[in-house]
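First up is the structure itself, then whatever we jot down about it.
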Amino acid sequence: MPRFDLPLDQLRRYTPAVAEPADFDDFWRGTLAEAATAPVLLDVRPERTDLSLLDTWDVTFAGFGGDPVRAWYTRPAAVRGPLPTVVEYVGYGRGRGLPHERLTWPVAGYAHLLMDSRGQSGRYGVGDTPDPHGAPGGPWPVTWGILDPHDYHYRRLITDAVRAVEAARALPGVDPDRVAVAGNSQGGGLALAVAGLVGNLAALLSTAPFLCHVQRAIELTDASPYGEIAQYLAVHREAEEAVRRTLSYVDGVSFARRASAPAHFGIGLCDTVCPPSTGFAAYNQYGAATGRPTPAREMHTYPFNGHEGGEAVHTRRQLRWLAGVLGPSRAAPAAAGSTAR
């Protein structure tokens, strides 16, 4: 796959001025305050998985508008007490799937909460969380409600992602001071947004993040999901100003500027889905608006890879980095015949 974006030496210096609406902080402060009025945990029940080394629970928590959002909570069965926890978000068009599909973090010794993406399942994986809110827009999730930031699908999804951290901290067996957020593509964009909205995270792991420097992305690539926005504007030519305004409220560069957690990034330099310059725009400005020293952060690039990035090699780097950031688990082995609850 040929490279089509800036060369690496320019990417490392790429700090574009990404326009923010004047009420960006008020918009998100009000959105999250409204969501916080509902109790976060709605239901937690054990889930049989036939995996003897892990325990899993089917979790339902209150997301945007109090809507029920599903998640899998999984942790090692052989330990008790609070564990460092990874809250993970999935890619565009995916749902949470089945609980045995994503085992890296719990097998590594972490508690793990995997959030379903409302209304998005069916393209790459199954899910069971609907998105009951309708508004004018296009036929794809990235264009649902795109004419107004208050109606936009990603206002709801980002709120869900923040509430997932709150839900994780309310679950038994979670060390609330050692919660990290992680994701790839859309999941990486959601994790980055959460890092900018939740000030006391332990770490961020964001790979090939979606929704960064969106105004550039929709002009640079026709690959989905950005291409779906371009397709919408190719038909609704009069909607461009409203669409660009809505997208400015969910841009990962703005969230990155407000983030303070240690961060680990990964990008394939041949990525045509989430162009490298858009992810570097967020990375290079990470923590810039906090008024504090730049948080510890590192970027791993894969010169001959596209949206798949570093795959297993990158996962190994994530595991080693996160262990160094969060430190060893304080949990003790469970007594014979017992499981953590």
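Ligands are numbered from 1 in the order shown, chains are lettered A, B, ... in the order of the structure tokens, and residues start at 1 in each chain.
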| message | Need the shell around A:Gly183: protein/DNA/RNA residues with any atom at most 7 Å away, counting only C-alpha atoms. Skip same-chain ones fewer than 3 positions apart. Format as a PyMOL selection string? | response | chain A and resi 88-90+187-188+191+205-207
| query | What are the DSSP strand (DSSP E or B) residues of stretch 284-323 of chain A, as a ChimeraX atom specification? | reply | /A:297-302
| remark: Residue with the minimum atom-to-atom distance to A:Phe4, picked from A:Gly310, A:Pro295, A:Gly122, A:Pro275 with only C-alpha atoms counted, is A:Pro275
| task | Check the DSSP output for the backbone and give back, as a PyMOL selection string, the residues of stretch 188-220 of chain A in alpha helix (DSSP H). | result | chain A and resi 188-197+214-220
| Leaving out A:Asp222 and any residue of its chain fewer than 4 positions from it, which residues lie within 12 Å of it when counting only C-alpha atoms, given as an MDAnalysis selection string? | chainID A and resid 216:218 226:232 234 272:275
Take the residues just selected and output them with C-alpha atoms as an mmCIF file, in the first residue's frame.
```cif
data_model
loop_
_atom_site.group_PDB
_atom_site.id
_atom_site.type_symbol
_atom_site.label_atom_id
_atom_site.label_comp_id
_atom_site.auth_asym_id
_atom_site.auth_seq_id
_atom_site.Cartn_x
_atom_site.Cartn_y
_atom_site.Cartn_z
ATOM 1 C CA ARG A 216 -8.665 17.364 6.926
ATOM 2 C CA ALA A 217 -9.643 13.694 6.949
ATOM 3 C CA ILE A 218 -12.891 14.135 5.023
ATOM 4 C CA TYR A 226 -14.759 9.445 6.587
ATOM 5 C CA GLY A 227 -15.875 8.613 3.061
ATOM 6 C CA GLU A 228 -19.429 8.222 4.332
ATOM 7 C CA ILE A 229 -19.389 11.849 5.461
ATOM 8 C CA ALA A 230 -18.088 12.900 2.054
ATOM 9 C CA GLN A 231 -20.799 10.826 0.346
ATOM 10 C CA TYR A 232 -23.424 12.537 2.473
ATOM 11 C CA ALA A 234 -21.957 14.990 -2.152
ATOM 12 C CA THR A 272 -5.876 5.336 4.243
ATOM 13 C CA VAL A 273 -8.755 4.879 6.724
ATOM 14 C CA CYS A 274 -7.448 7.178 9.453
ATOM 15 C CA PRO A 275 -4.675 9.147 7.703
#
```
| note | Of A:Gly173, A:Pro99, A:Gly189, A:Gly63, the one sitting nearest A:Leu41 when using only C-alpha atoms is A:Gly63
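Checking A:Leu269, A:Ala182, A:Ala77, A:Val325 one by one against A:His300, counting only C-alpha atoms, you find the shortest gap at A:Leu269.
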| remark: Counting only C-alpha atoms, the residue among A:Gly287, A:Gly119, A:Gly137, A:Pro76 that lies closest to A:Leu103 is A:Pro76
| All residues 12 Å or closer to stretch 53-56 of chain A, only C-alpha atoms, same chain fewer than 3 positions away omitted, as a ChimeraX atom specification | /A:44-50,59,71-80,98-100,102-114,173,334,338-341
| query | Which is closest to A:Gln10 among A:Trp144, A:Gln285, A:Glu298, A:Phe280, if we use only C-alpha atoms? | reply |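 Going through A:Trp144, A:Gln285, A:Glu298, A:Phe280 one by one, the smallest distance to A:Gln10 is for A:Phe280.
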May I have the residues within 10 Å of A:Leu322 as a compact mmCIF listing (two decimals) with N, CA, C and O atoms, in the first residue's frame, using only C-alpha atoms and disregarding those fewer than 3 positions away in the same chain?
```
# COMPACT_ATOMS: atom_id res chain seq x y z
N VAL A 86 -8.68 -2.13 32.42
CA VAL A 86 -8.68 -1.55 31.08
C VAL A 86 -10.12 -1.47 30.59
O VAL A 86 -10.81 -2.49 30.52
N ALA A 180 -7.33 2.44 32.95
CA ALA A 180 -6.84 2.89 31.65
C ALA A 180 -7.94 2.73 30.61
O ALA A 180 -8.84 1.90 30.76
N ALA A 202 -5.55 6.65 34.57
CA ALA A 202 -4.18 6.20 34.79
C ALA A 202 -3.39 6.12 33.50
O ALA A 202 -2.17 6.27 33.51
N ALA A 203 -4.06 5.86 32.36
CA ALA A 203 -3.34 5.71 31.10
C ALA A 203 -4.31 5.71 29.93
O ALA A 203 -5.50 5.42 30.08
N LEU A 204 -3.76 6.03 28.75
CA LEU A 204 -4.48 5.99 27.49
C LEU A 204 -3.68 5.17 26.50
O LEU A 204 -2.47 5.36 26.35
N LEU A 205 -4.37 4.26 25.79
CA LEU A 205 -3.77 3.52 24.68
C LEU A 205 -4.66 3.74 23.46
O LEU A 205 -5.80 3.28 23.43
N PRO A 262 -0.80 9.55 31.04
CA PRO A 262 0.25 9.00 30.18
C PRO A 262 -0.38 8.30 28.98
O PRO A 262 -1.42 7.65 29.11
N ALA A 263 0.26 8.42 27.81
CA ALA A 263 -0.39 7.97 26.58
C ALA A 263 0.55 7.16 25.70
O ALA A 263 1.74 7.47 25.58
N HIS A 264 -0.03 6.16 25.06
CA HIS A 264 0.69 5.27 24.14
C HIS A 264 -0.10 5.24 22.83
O HIS A 264 -1.28 4.90 22.81
N ARG A 316 2.05 -6.29 21.97
CA ARG A 316 3.12 -6.61 22.91
C ARG A 316 3.73 -5.33 23.48
O ARG A 316 4.02 -5.24 24.69
N ARG A 317 3.91 -4.32 22.65
CA ARG A 317 4.44 -3.05 23.15
C ARG A 317 3.46 -2.40 24.12
O ARG A 317 3.87 -1.82 25.13
N GLN A 318 2.17 -2.48 23.82
CA GLN A 318 1.16 -1.94 24.73
C GLN A 318 1.21 -2.64 26.09
O GLN A 318 1.15 -1.99 27.14
N LEU A 319 1.30 -3.97 26.07
CA LEU A 319 1.32 -4.73 27.32
C LEU A 319 2.52 -4.34 28.18
O LEU A 319 2.38 -4.13 29.40
N VAL A 325 3.52 1.49 33.45
CA VAL A 325 2.78 2.66 33.92
C VAL A 325 1.94 2.34 35.16
O VAL A 325 1.93 3.09 36.15
N LEU A 326 1.23 1.22 35.12
CA LEU A 326 0.33 0.89 36.22
C LEU A 326 1.02 0.16 37.36
O LEU A 326 0.50 0.13 38.48
N GLY A 327 2.17 -0.46 37.09
CA GLY A 327 2.86 -1.16 38.14
C GLY A 327 2.26 -2.54 38.38
O GLY A 327 1.23 -2.90 37.81
```
| said: Just want the 12 Å neighbourhood of A:Val126, counted on only C-alpha atoms, with same-chain residues fewer than 4 positions away dropped. Output as a list in words. | reply: Arg70, Val90, Gly91, Tyr92, Gly93, Arg94, Gly95, Arg96, Gly97, Leu98, Pro99, Glu101, Asp116, Ser117, Arg118, Gly119, Gln120, Ser121, Gly122 and Pro130 of chain A
Residues at most 8 Å from stretch 237-249 of chain A, counting only C-alpha atoms, excluding those fewer than 2 positions away in the same chain, as a short mmCIF file (atom, residue, chain, number, x, y, z; two decimals) with N, CA, C and O atoms, in the first residue's frame?
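Written file, result-v2.cif:
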```
data_model
loop_
_atom_site.label_atom_id
_atom_site.label_comp_id
_atom_site.auth_asym_id
_atom_site.auth_seq_id
_atom_site.Cartn_x
_atom_site.Cartn_y
_atom_site.Cartn_z
N ALA A 19 -9.83 24.22 14.59
CA ALA A 19 -10.80 25.16 15.14
C ALA A 19 -11.70 24.48 16.17
O ALA A 19 -12.19 23.37 15.94
N GLU A 20 -11.90 25.17 17.29
CA GLU A 20 -12.81 24.69 18.32
C GLU A 20 -13.97 25.67 18.46
O GLU A 20 -13.77 26.88 18.43
N PRO A 21 -15.18 25.17 18.64
CA PRO A 21 -16.29 26.08 18.93
C PRO A 21 -16.07 26.75 20.28
O PRO A 21 -15.48 26.16 21.20
N PHE A 24 -17.15 24.75 23.37
CA PHE A 24 -16.75 23.34 23.40
C PHE A 24 -16.79 22.77 24.81
O PHE A 24 -17.40 21.72 25.06
N ILE A 146 -26.04 14.36 12.09
CA ILE A 146 -24.82 15.15 11.86
C ILE A 146 -25.10 16.63 11.61
O ILE A 146 -24.17 17.45 11.57
N LEU A 147 -26.35 17.03 11.48
CA LEU A 147 -26.66 18.44 11.21
C LEU A 147 -26.65 19.30 12.45
O LEU A 147 -26.68 20.53 12.36
N ASP A 148 -26.61 18.69 13.63
CA ASP A 148 -26.63 19.46 14.88
C ASP A 148 -25.82 18.71 15.92
O ASP A 148 -26.04 17.51 16.13
N PRO A 149 -24.88 19.36 16.58
CA PRO A 149 -24.04 18.65 17.55
C PRO A 149 -24.84 18.02 18.70
O PRO A 149 -24.43 16.99 19.25
N TYR A 152 -26.02 14.60 17.39
CA TYR A 152 -25.06 13.75 16.71
C TYR A 152 -24.83 12.43 17.45
O TYR A 152 -24.74 12.39 18.68
N VAL A 214 -10.68 16.06 11.82
CA VAL A 214 -11.71 15.54 10.93
C VAL A 214 -11.85 16.37 9.67
O VAL A 214 -12.09 15.85 8.57
N GLN A 215 -11.69 17.69 9.79
CA GLN A 215 -11.87 18.55 8.61
C GLN A 215 -10.87 18.19 7.52
O GLN A 215 -11.19 18.26 6.32
N LEU A 233 -22.22 14.59 1.98
CA LEU A 233 -22.11 15.97 1.51
C LEU A 233 -22.18 16.06 -0.02
O LEU A 233 -22.57 17.10 -0.56
N ALA A 234 -21.83 14.99 -0.70
CA ALA A 234 -21.96 14.99 -2.15
C ALA A 234 -23.42 15.05 -2.59
O ALA A 234 -23.72 15.53 -3.69
N VAL A 235 -24.32 14.58 -1.73
CA VAL A 235 -25.76 14.64 -2.01
C VAL A 235 -26.39 15.87 -1.37
O VAL A 235 -27.16 16.60 -1.99
N ASP A 251 -13.89 16.49 17.68
CA ASP A 251 -12.56 16.29 17.11
C ASP A 251 -11.58 15.86 18.19
O ASP A 251 -11.44 16.50 19.23
#
```
| field | Residue nearest A:Leu201 - candidates A:His236, A:Arg178, A:His213, A:Arg3, atoms counted: only C-alpha atoms | value | A:Arg178
